[in-house]
$ cat my_file08.cif   # mmCIF, C-alpha atoms and all ligand atoms
data_final
#
loop_
_atom_site.label_atom_id
_atom_site.label_comp_id
_atom_site.auth_asym_id
_atom_site.auth_seq_id
_atom_site.Cartn_x
_atom_site.Cartn_y
_atom_site.Cartn_z
CA MET A 85 25.71 78.15 168.97
CA ASP A 86 23.79 81.36 168.28
CA LEU A 87 26.80 83.69 168.41
CA GLU A 88 27.77 85.65 165.31
CA PRO A 89 31.37 85.32 164.11
CA GLU A 90 32.32 88.69 165.60
CA GLN A 91 30.82 87.71 168.95
CA ILE A 92 32.83 84.47 168.94
CA ARG A 93 35.98 86.45 168.17
CA ALA A 94 35.19 88.86 171.02
CA VAL A 95 34.86 86.00 173.54
CA LEU A 96 38.07 84.38 172.30
CA ALA A 97 39.92 87.70 172.41
CA ARG A 98 38.81 88.15 176.02
CA ALA A 99 39.96 84.60 176.76
CA ARG A 100 43.35 85.48 175.32
CA GLU A 101 43.59 88.34 177.83
CA PHE A 102 42.78 85.94 180.66
CA GLU A 103 45.12 83.19 179.44
CA PRO A 104 48.21 84.43 181.41
CA LEU A 105 46.16 84.24 184.63
CA VAL A 106 45.19 80.59 184.22
CA HIS A 107 48.30 79.18 185.84
CA GLY A 108 48.89 82.01 188.29
CA PRO A 109 47.62 82.49 191.84
CA VAL A 110 43.91 83.00 192.38
CA ALA A 111 44.07 86.71 193.23
CA PRO A 112 41.35 88.43 191.23
CA ASP A 113 41.20 92.17 190.82
CA PRO A 114 38.86 93.48 193.57
CA ALA A 115 37.58 96.03 191.03
CA SER A 116 36.55 93.22 188.65
CA PRO A 117 32.89 93.48 187.62
CA CYS A 118 32.60 89.85 188.78
CA ALA A 119 33.81 90.57 192.33
CA GLY A 120 31.15 89.58 194.83
CA ARG A 121 29.03 87.83 192.23
CA VAL A 122 27.82 84.28 192.84
CA VAL A 123 27.55 81.54 190.23
CA ALA A 124 25.81 78.21 190.77
CA ASN A 125 26.86 74.98 189.11
CA LEU A 126 23.76 72.88 188.40
CA PHE A 127 25.22 69.68 186.99
CA PHE A 128 22.74 66.88 186.45
CA GLU A 129 25.20 64.82 184.41
CA ASP A 130 28.72 63.70 185.26
CA SER A 131 31.58 66.07 184.49
CA THR A 132 35.22 66.51 185.39
CA ARG A 133 36.61 69.16 183.03
CA THR A 134 33.64 71.46 182.53
CA ARG A 135 32.52 71.57 186.12
CA MET A 136 35.96 72.08 187.63
CA SER A 137 37.05 74.63 185.05
CA PHE A 138 33.87 76.68 185.43
CA SER A 139 34.44 76.65 189.21
CA LEU A 140 38.06 77.67 188.84
CA ALA A 141 37.23 80.28 186.20
CA ALA A 142 34.59 81.83 188.46
CA ARG A 143 37.06 82.11 191.33
CA ARG A 144 39.73 83.56 189.05
CA VAL A 145 37.40 86.37 187.91
CA GLY A 146 36.44 87.10 191.52
CA ALA A 147 33.07 85.35 191.76
CA GLN A 148 31.98 82.83 194.37
CA VAL A 149 30.76 79.35 193.47
CA MET A 150 27.90 77.20 194.73
CA ASP A 151 27.58 73.58 193.65
CA LEU A 152 24.48 71.45 193.36
CA SER A 153 24.64 67.91 192.11
CA SER A 154 21.88 65.57 191.08
CA THR A 155 23.07 62.86 193.46
CA ASP A 156 22.42 64.71 196.71
CA SER A 157 19.76 67.31 195.94
CA SER A 158 15.96 67.42 196.05
CA VAL A 159 15.93 66.44 192.38
CA ASN A 160 15.87 62.94 193.87
CA LYS A 161 12.52 63.80 195.51
CA GLY A 162 10.98 64.62 192.16
CA GLU A 163 11.66 68.36 191.86
CA THR A 164 11.72 69.49 188.24
CA LEU A 165 14.65 71.20 186.56
CA ARG A 166 12.60 74.36 186.17
CA ASP A 167 11.65 74.46 189.87
CA THR A 168 15.19 73.64 190.99
CA ALA A 169 16.60 76.45 188.84
CA ALA A 170 13.97 78.96 190.02
CA ASN A 171 14.66 78.14 193.67
CA VAL A 172 18.42 78.57 193.26
CA ALA A 173 17.82 81.79 191.32
CA ALA A 174 15.60 83.08 194.14
CA MET A 175 18.59 82.82 196.50
CA GLY A 176 20.19 85.69 194.59
CA VAL A 177 22.78 84.00 192.37
CA HIS A 178 23.95 85.88 189.31
CA SER A 179 24.61 83.01 186.92
CA LEU A 180 23.37 79.43 186.56
CA ILE A 181 25.69 76.99 184.80
CA ILE A 182 23.65 74.01 183.68
CA ARG A 183 24.57 70.56 182.42
CA HIS A 184 21.71 68.18 181.70
CA LYS A 185 21.03 65.08 179.64
CA ALA A 186 18.05 66.73 177.92
CA SER A 187 18.71 68.73 174.77
CA GLY A 188 17.42 72.27 175.28
CA ALA A 189 17.62 72.13 179.10
CA ALA A 190 19.57 75.39 179.55
CA ALA A 191 17.35 77.19 177.02
CA LEU A 192 14.25 75.97 178.85
CA VAL A 193 15.56 77.35 182.16
CA ALA A 194 16.55 80.64 180.57
CA GLN A 195 13.09 81.03 179.09
CA ALA A 196 11.38 80.11 182.38
CA LEU A 197 13.43 82.62 184.40
CA ARG A 198 13.51 85.48 181.89
CA GLY A 199 12.14 88.69 183.41
CA ARG A 200 11.85 87.09 186.86
CA PHE A 201 15.49 87.09 187.98
CA PRO A 202 18.45 89.24 186.89
CA LEU A 203 20.80 86.41 186.00
CA SER A 204 22.44 84.67 183.08
CA VAL A 205 22.05 80.99 182.18
CA ILE A 206 25.08 79.24 180.69
CA ASN A 207 24.83 75.95 178.81
CA ALA A 208 27.50 73.53 180.05
CA GLY A 209 26.28 70.74 177.78
CA ASP A 210 22.69 69.72 176.97
CA GLY A 211 22.12 66.18 175.78
CA ARG A 212 23.32 65.66 172.21
CA HIS A 213 22.61 69.27 171.32
CA GLU A 214 25.42 71.70 172.18
CA HIS A 215 28.42 72.27 174.44
CA PRO A 216 29.20 75.88 173.50
CA THR A 217 32.20 76.53 175.76
CA GLN A 218 33.84 73.33 174.44
CA GLY A 219 33.37 74.61 170.89
CA LEU A 220 34.94 77.92 171.91
CA LEU A 221 37.92 76.33 173.67
CA ASP A 222 38.52 74.02 170.73
CA ALA A 223 38.51 77.04 168.40
CA PHE A 224 40.95 78.81 170.74
CA THR A 225 43.26 75.79 170.77
CA ILE A 226 43.29 75.55 166.98
CA ALA A 227 43.85 79.29 166.62
CA GLU A 228 46.78 79.10 169.03
CA SER A 229 48.32 76.11 167.25
CA PHE A 230 48.22 77.84 163.85
CA GLY A 231 49.19 81.37 164.91
CA ARG A 232 45.71 82.84 164.50
CA LEU A 233 45.28 84.39 167.96
CA ASP A 234 45.31 87.94 166.60
CA ASP A 235 42.16 87.62 164.50
CA PHE A 236 40.81 84.09 165.16
CA ASP A 237 40.38 83.68 161.42
CA LEU A 238 40.56 79.93 160.74
CA SER A 239 40.08 80.13 156.98
CA GLY A 240 42.24 77.73 154.99
CA LEU A 241 42.25 75.15 157.81
CA THR A 242 40.44 71.81 157.67
CA MET A 243 39.22 70.11 160.83
CA GLY A 244 38.16 66.48 160.90
CA ILE A 245 35.75 65.35 163.60
CA VAL A 246 36.00 61.58 163.91
CA GLY A 247 33.72 59.20 165.74
CA ASP A 248 30.35 59.23 167.41
CA VAL A 249 29.22 62.54 165.93
CA ALA A 250 25.52 61.60 166.06
CA SER A 251 25.65 61.54 169.89
CA SER A 252 28.00 64.49 170.25
CA ARG A 253 27.10 67.94 171.50
CA VAL A 254 30.79 68.81 171.24
CA ALA A 255 30.68 68.11 167.50
CA ARG A 256 27.69 70.39 166.98
CA SER A 257 29.33 73.27 168.84
CA ASP A 258 32.64 72.64 167.05
CA ILE A 259 30.95 72.66 163.65
CA ALA A 260 29.23 75.94 164.48
CA ALA A 261 32.32 77.65 165.92
CA MET A 262 34.80 76.45 163.30
CA THR A 263 32.66 77.16 160.24
CA LYS A 264 31.75 80.62 161.54
CA LEU A 265 35.46 81.34 161.93
CA GLY A 266 36.12 80.21 158.36
CA ALA A 267 37.38 76.62 158.73
CA ARG A 268 36.23 73.65 156.70
CA VAL A 269 34.82 70.81 158.83
CA ILE A 270 34.55 67.17 157.79
CA CYS A 271 32.72 64.70 160.06
CA ILE A 272 34.13 61.21 159.62
CA GLY A 273 32.88 57.83 160.78
CA PRO A 274 30.61 54.93 159.95
CA PRO A 275 27.10 55.85 158.75
CA ASN A 276 25.46 54.73 161.99
CA LEU A 277 27.57 57.25 163.93
CA VAL A 278 27.98 59.92 161.21
CA PRO A 279 24.71 60.24 159.29
CA GLY A 280 24.51 62.27 156.09
CA SER A 281 21.93 64.57 157.72
CA LEU A 282 24.82 66.30 159.55
CA LYS A 283 25.50 68.18 156.31
CA THR A 284 22.60 70.46 157.21
CA LEU A 285 24.89 71.93 159.92
CA GLY A 286 27.34 73.20 157.32
CA CYS A 287 29.95 70.45 157.46
CA GLU A 288 30.92 67.68 155.06
CA VAL A 289 30.40 63.99 155.82
CA ALA A 290 32.78 61.13 155.00
CA HIS A 291 32.80 57.46 155.92
CA GLU A 292 36.48 56.63 155.45
CA LEU A 293 39.27 58.13 157.54
CA ASP A 294 42.49 57.01 155.89
CA PRO A 295 42.16 58.91 152.56
CA LEU A 296 41.47 62.15 154.46
CA LEU A 297 44.37 62.04 156.93
CA PRO A 298 46.85 63.94 154.68
CA ARG A 299 44.31 66.77 154.25
CA LEU A 300 43.54 67.49 157.91
CA ASP A 301 45.12 70.31 159.91
CA ALA A 302 43.31 69.32 163.07
CA ILE A 303 41.56 66.11 163.99
CA ASN A 304 39.11 66.04 166.89
CA VAL A 305 38.65 62.47 168.07
CA LEU A 306 35.37 61.80 169.85
CA ARG A 307 34.51 59.23 172.46
CA ILE A 308 31.92 56.59 171.67
CA GLN A 309 29.13 57.76 173.96
CA PHE A 310 27.92 54.46 175.36
CA GLU A 311 25.48 56.22 177.68
CA ARG A 312 23.53 57.89 174.85
CA HIS A 313 22.99 54.77 172.78
CA GLY A 314 20.17 53.30 174.87
CA GLY A 315 19.87 49.62 175.69
CA THR A 316 21.37 47.84 178.64
CA GLY A 317 24.82 46.74 177.67
CA GLY A 318 27.43 46.02 175.11
CA GLY A 319 26.09 42.69 173.94
CA ALA A 320 28.10 39.85 172.51
CA HIS A 321 30.40 42.20 170.57
CA GLY A 322 31.63 43.84 173.75
CA GLY A 323 30.66 47.19 172.31
CA PRO A 324 27.99 49.79 172.98
CA PRO A 325 24.43 48.95 171.91
CA ALA A 326 24.44 51.36 168.94
CA LEU A 327 27.39 49.49 167.54
CA ALA A 328 26.47 46.03 168.78
CA ALA A 329 22.89 46.35 167.56
CA ALA A 330 23.63 48.05 164.25
CA PRO A 331 21.65 46.42 161.48
CA ALA A 332 23.78 45.03 158.70
CA PRO A 333 24.27 46.04 156.06
CA VAL A 334 23.62 49.75 156.57
CA THR A 335 24.77 51.87 153.66
CA ALA A 336 25.87 55.45 153.34
CA GLY A 337 23.01 56.25 150.99
CA PRO A 338 22.95 56.66 147.24
CA GLY A 339 26.34 55.83 145.84
CA GLY A 340 27.73 55.19 149.31
CA GLY A 341 27.60 51.49 149.88
CA ILE A 342 29.74 51.81 153.02
CA PRO A 343 28.66 49.31 155.69
CA ALA A 344 28.08 50.39 159.28
CA VAL A 345 30.54 49.03 161.82
CA SER A 346 29.16 46.50 164.27
CA SER A 347 31.73 46.17 167.04
CA LEU A 348 34.21 48.23 168.99
CA ARG A 349 37.09 46.17 167.59
CA GLU A 350 35.91 46.92 164.05
CA TYR A 351 35.49 50.59 164.94
CA ALA A 352 39.01 50.84 166.38
CA GLU A 353 40.41 49.08 163.32
CA LEU A 354 38.72 51.45 160.84
CA PHE A 355 38.59 54.74 162.72
CA GLY A 356 40.79 54.51 165.83
CA LEU A 357 43.72 56.94 165.76
CA SER A 358 46.92 54.89 166.05
CA LEU A 359 50.59 55.83 165.64
CA ARG A 360 50.45 54.24 162.18
CA ARG A 361 47.53 56.48 161.15
CA GLN A 362 49.05 59.52 162.82
CA GLU A 363 52.06 59.26 160.48
CA HIS A 364 49.79 60.09 157.53
CA LEU A 365 48.62 63.42 158.97
CA LYS A 366 50.09 66.70 157.72
CA PRO A 367 53.41 67.57 159.42
CA GLY A 368 51.88 70.32 161.58
CA ALA A 369 48.53 68.67 162.24
CA ILE A 370 47.23 68.58 165.80
CA ILE A 371 45.07 66.04 167.62
CA LEU A 372 42.24 67.14 169.91
CA HIS A 373 39.91 65.19 172.19
CA PRO A 374 37.25 66.75 174.45
CA GLY A 375 37.68 63.98 177.05
CA PRO A 376 37.13 61.65 178.68
CA ILE A 377 39.25 59.37 176.46
CA ASN A 378 38.55 55.67 175.96
CA ARG A 379 42.17 54.69 175.39
CA GLY A 380 42.49 51.91 172.88
CA VAL A 381 39.12 52.63 171.25
CA GLU A 382 39.04 56.06 169.57
CA MET A 383 42.78 56.61 170.03
CA THR A 384 45.71 54.70 171.44
CA ALA A 385 47.49 55.80 174.60
CA ALA A 386 50.62 56.57 172.56
CA VAL A 387 48.67 59.02 170.40
CA ALA A 388 46.82 60.59 173.35
CA ASP A 389 50.12 61.26 175.15
CA GLY A 390 52.16 61.97 172.01
CA PRO A 391 53.65 65.22 170.68
CA ARG A 392 50.75 66.04 168.34
CA SER A 393 48.17 65.77 171.12
CA VAL A 394 46.87 69.10 172.42
CA VAL A 395 44.38 67.50 174.79
CA LEU A 396 45.73 69.06 177.97
CA ARG A 397 46.21 72.43 176.27
CA GLN A 398 42.49 72.29 175.47
CA VAL A 399 41.78 71.80 179.17
CA GLY A 400 43.91 74.79 180.16
CA HIS A 401 42.29 77.00 177.52
CA GLY A 402 38.92 75.86 178.87
CA VAL A 403 39.56 77.85 182.04
CA ALA A 404 40.44 81.03 180.09
CA VAL A 405 37.42 80.65 177.81
CA ARG A 406 35.10 80.13 180.77
CA MET A 407 36.62 83.14 182.55
CA ALA A 408 35.76 85.16 179.43
CA VAL A 409 32.22 83.80 179.27
CA LEU A 410 31.60 84.48 182.98
CA ASP A 411 33.18 87.93 182.75
CA LEU A 412 30.92 88.86 179.86
CA CYS A 413 27.78 87.36 181.44
CA LEU A 414 28.34 88.71 184.95
CA SER A 415 29.30 92.15 183.66
CA VAL A 416 25.92 92.62 182.02
CA THR A 417 23.85 91.12 184.86
CA GLN A 418 22.27 93.89 186.97
CA ARG A 419 23.59 94.43 190.48
N1 LIG B 501 34.74 67.87 177.68
C1 LIG B 501 33.86 67.67 178.68
O1 LIG B 501 32.73 68.16 178.63
O2 LIG B 501 34.33 66.93 179.71
P1 LIG B 501 33.51 66.66 181.05
O3 LIG B 501 32.31 65.80 180.68
O4 LIG B 501 34.45 65.94 181.96
O5 LIG B 501 33.04 67.97 181.58
#
$ encode --input "my_file08.cif" --output "structure tokens"
Amino acid sequence: MDLEPEQIRAVLARAREFEPLVHGPVAPDPASPCAGRVVANLFFEDSTRTRMSFSLAARRVGAQVMDLSSTDSSVNKGETLRDTAANVAAMGVHSLIIRHKASGAAALVAQALRGRFPLSVINAGDGRHEHPTQGLLDAFTIAESFGRLDDFDLSGLTMGIVGDVASSRVARSDIAAMTKLGARVICIGPPNLVPGSLKTLGCEVAHELDPLLPRLDAINVLRIQFERHGGTGGGAHGGPPALAAAPAPVTAGPGGGIPAVSSLREYAELFGLSLRRQEHLKPGAIILHPGPINRGVEMTAAVADGPRSVVLRQVGHGVAVRMAVLDLCLSVTQR
């Protein structure tokens, strides 16, 4: 996420203004700078939350929405991402919202269209790289939970990100957003899912969850991303290839000596968030998950639906954050 801390705070402050509208009727102000603008969803990967909330956010700020999906478009005839985006842009849309399995996809489109079309390009998740609006909505949710909505200063708070961080664009955007707002971030998981190289992003890395539980204010529990691990199936362990095929022993590096986990059952035993583990969190600690949840793997159903879970609040804030992002982007796009 390239935004400076003050730019992040400005987006979140705008989202706070939109928040009361999220559950109201869709009756946007006709004088809104977004009125009459058109945004196009270009989603080449599956999505429930991001796609629907961008669509709803666009309507709530007065824009119209077009949808293109990879399953029924000319992408299936071999058209490239760049050509697809240029053709949609040529129709006169004002913003392209792009999700793609390739890291850098939205940046590539933005670069290809720069100076040719007066529009903005919004990254709705690119491969393992970034998911900026998820990072922003997670920051909003934490700020709300700890009474920091006035300044979005998260200093003094510690966020744990647990699970398949190596595959996670959400983790990278969370690390960027949280550390820029002053929080401490610790990525936690087995070495094959949480490599030490993540420290270059400004977070800490740990390979045991239980000793850290009493120190976390917020814990973001990530899905094991089966689809990004390669291979063809779960193998004899019944787990994803990256777990099933993990060489043993894999250590955490000098002084680490922590073995990689090799099965989903082992993963759930060591890192899955259960009611028993939840009891060791700080009294006011909250539990986040970007969705979709694999119940029984990264967290139990009782935790996902329990009183510390803010999962559905995250989803609601996602609409306000995306309204803010669209409002800012469409306001600066030339008429
Ligand atoms: N959090 C998130 O990106 O969910 P979707 O994949 O359903 O959009």
$ residues_around --input "my_file08.cif" --residues "Phe138 of chain A" --least-positions-apart "6" --cutoff "9 Å" --atoms "only C-alpha atoms" --output "PDB file with C-alpha atoms, in the frame of the given file"
ATOM      1  CA  ASN A 125      26.860  74.980 189.110  1.00  0.00           C
ATOM      2  CA  ILE A 181      25.690  76.990 184.800  1.00  0.00           C
ATOM      3  CA  ALA A 208      27.500  73.530 180.050  1.00  0.00           C
ATOM      4  CA  GLY A 402      38.920  75.860 178.870  1.00  0.00           C
ATOM      5  CA  VAL A 403      39.560  77.850 182.040  1.00  0.00           C
ATOM      6  CA  ARG A 406      35.100  80.130 180.770  1.00  0.00           C
ATOM      7  CA  MET A 407      36.620  83.140 182.550  1.00  0.00           C
ATOM      8  CA  LEU A 410      31.600  84.480 182.980  1.00  0.00           C
TER       9      LEU A 410
END
$ closest_residue --input "my_file08.cif" --among "A:Ala386, A:Leu220, A:Val345, A:Leu357" --to "ligand LIG 501 (chain B)" --atoms "all atoms listed in the file"
A:Leu220
$ axis_aligned_box --input "my_file08.cif" --around "ligand LIG 501 (chain B)" --padding-each-side "3 Å" --output "lines of an AutoDock Vina configuration file"
center_x = 33.5
center_y = 67.0
center_z = 179.8
size_x = 8.4
size_y = 8.4
size_z = 10.3
$ atom_distance --input "my_file08.cif" --atom1 "atom CA of Val269 of chain A" --atom2 "atom CA of Leu282 of chain A"
11.0 Å
$ residues_around --input "my_file08.cif" --residues "Ala111 of chain A" --least-positions-apart "3" --cutoff "9 Å" --atoms "all atoms listed in the file" --output "PyMOL selection string"
chain A and resi 108+114+143-146
$ closest_residue --input "my_file08.cif" --among "A:Asp210, A:Asp113, A:Glu103, A:Glu363" --to "ligand LIG 501 (chain B)" --atoms "all atoms listed in the file"
A:Asp210
$ residues_near_ligand --input "my_file08.cif" --ligand "ligand LIG 501 (chain B)" --cutoff "9 Å" --atoms "all atoms listed in the file" --output "list in words"
Glu129, Asp130, Ser131, Thr132, Arg133, Thr134, Arg135, Met136, Ser137, Arg183, Ala208, Gly209, His215, Thr217, Gln218, Val254, His373, Pro374, Gly375, Pro376 and Val399 of chain A
$ closest_residue --input "my_file08.cif" --among "A:Arg121, A:His178, A:Arg212, A:Arg100" --to "Arg312 of chain A" --atoms "only C-alpha atoms"
A:Arg212
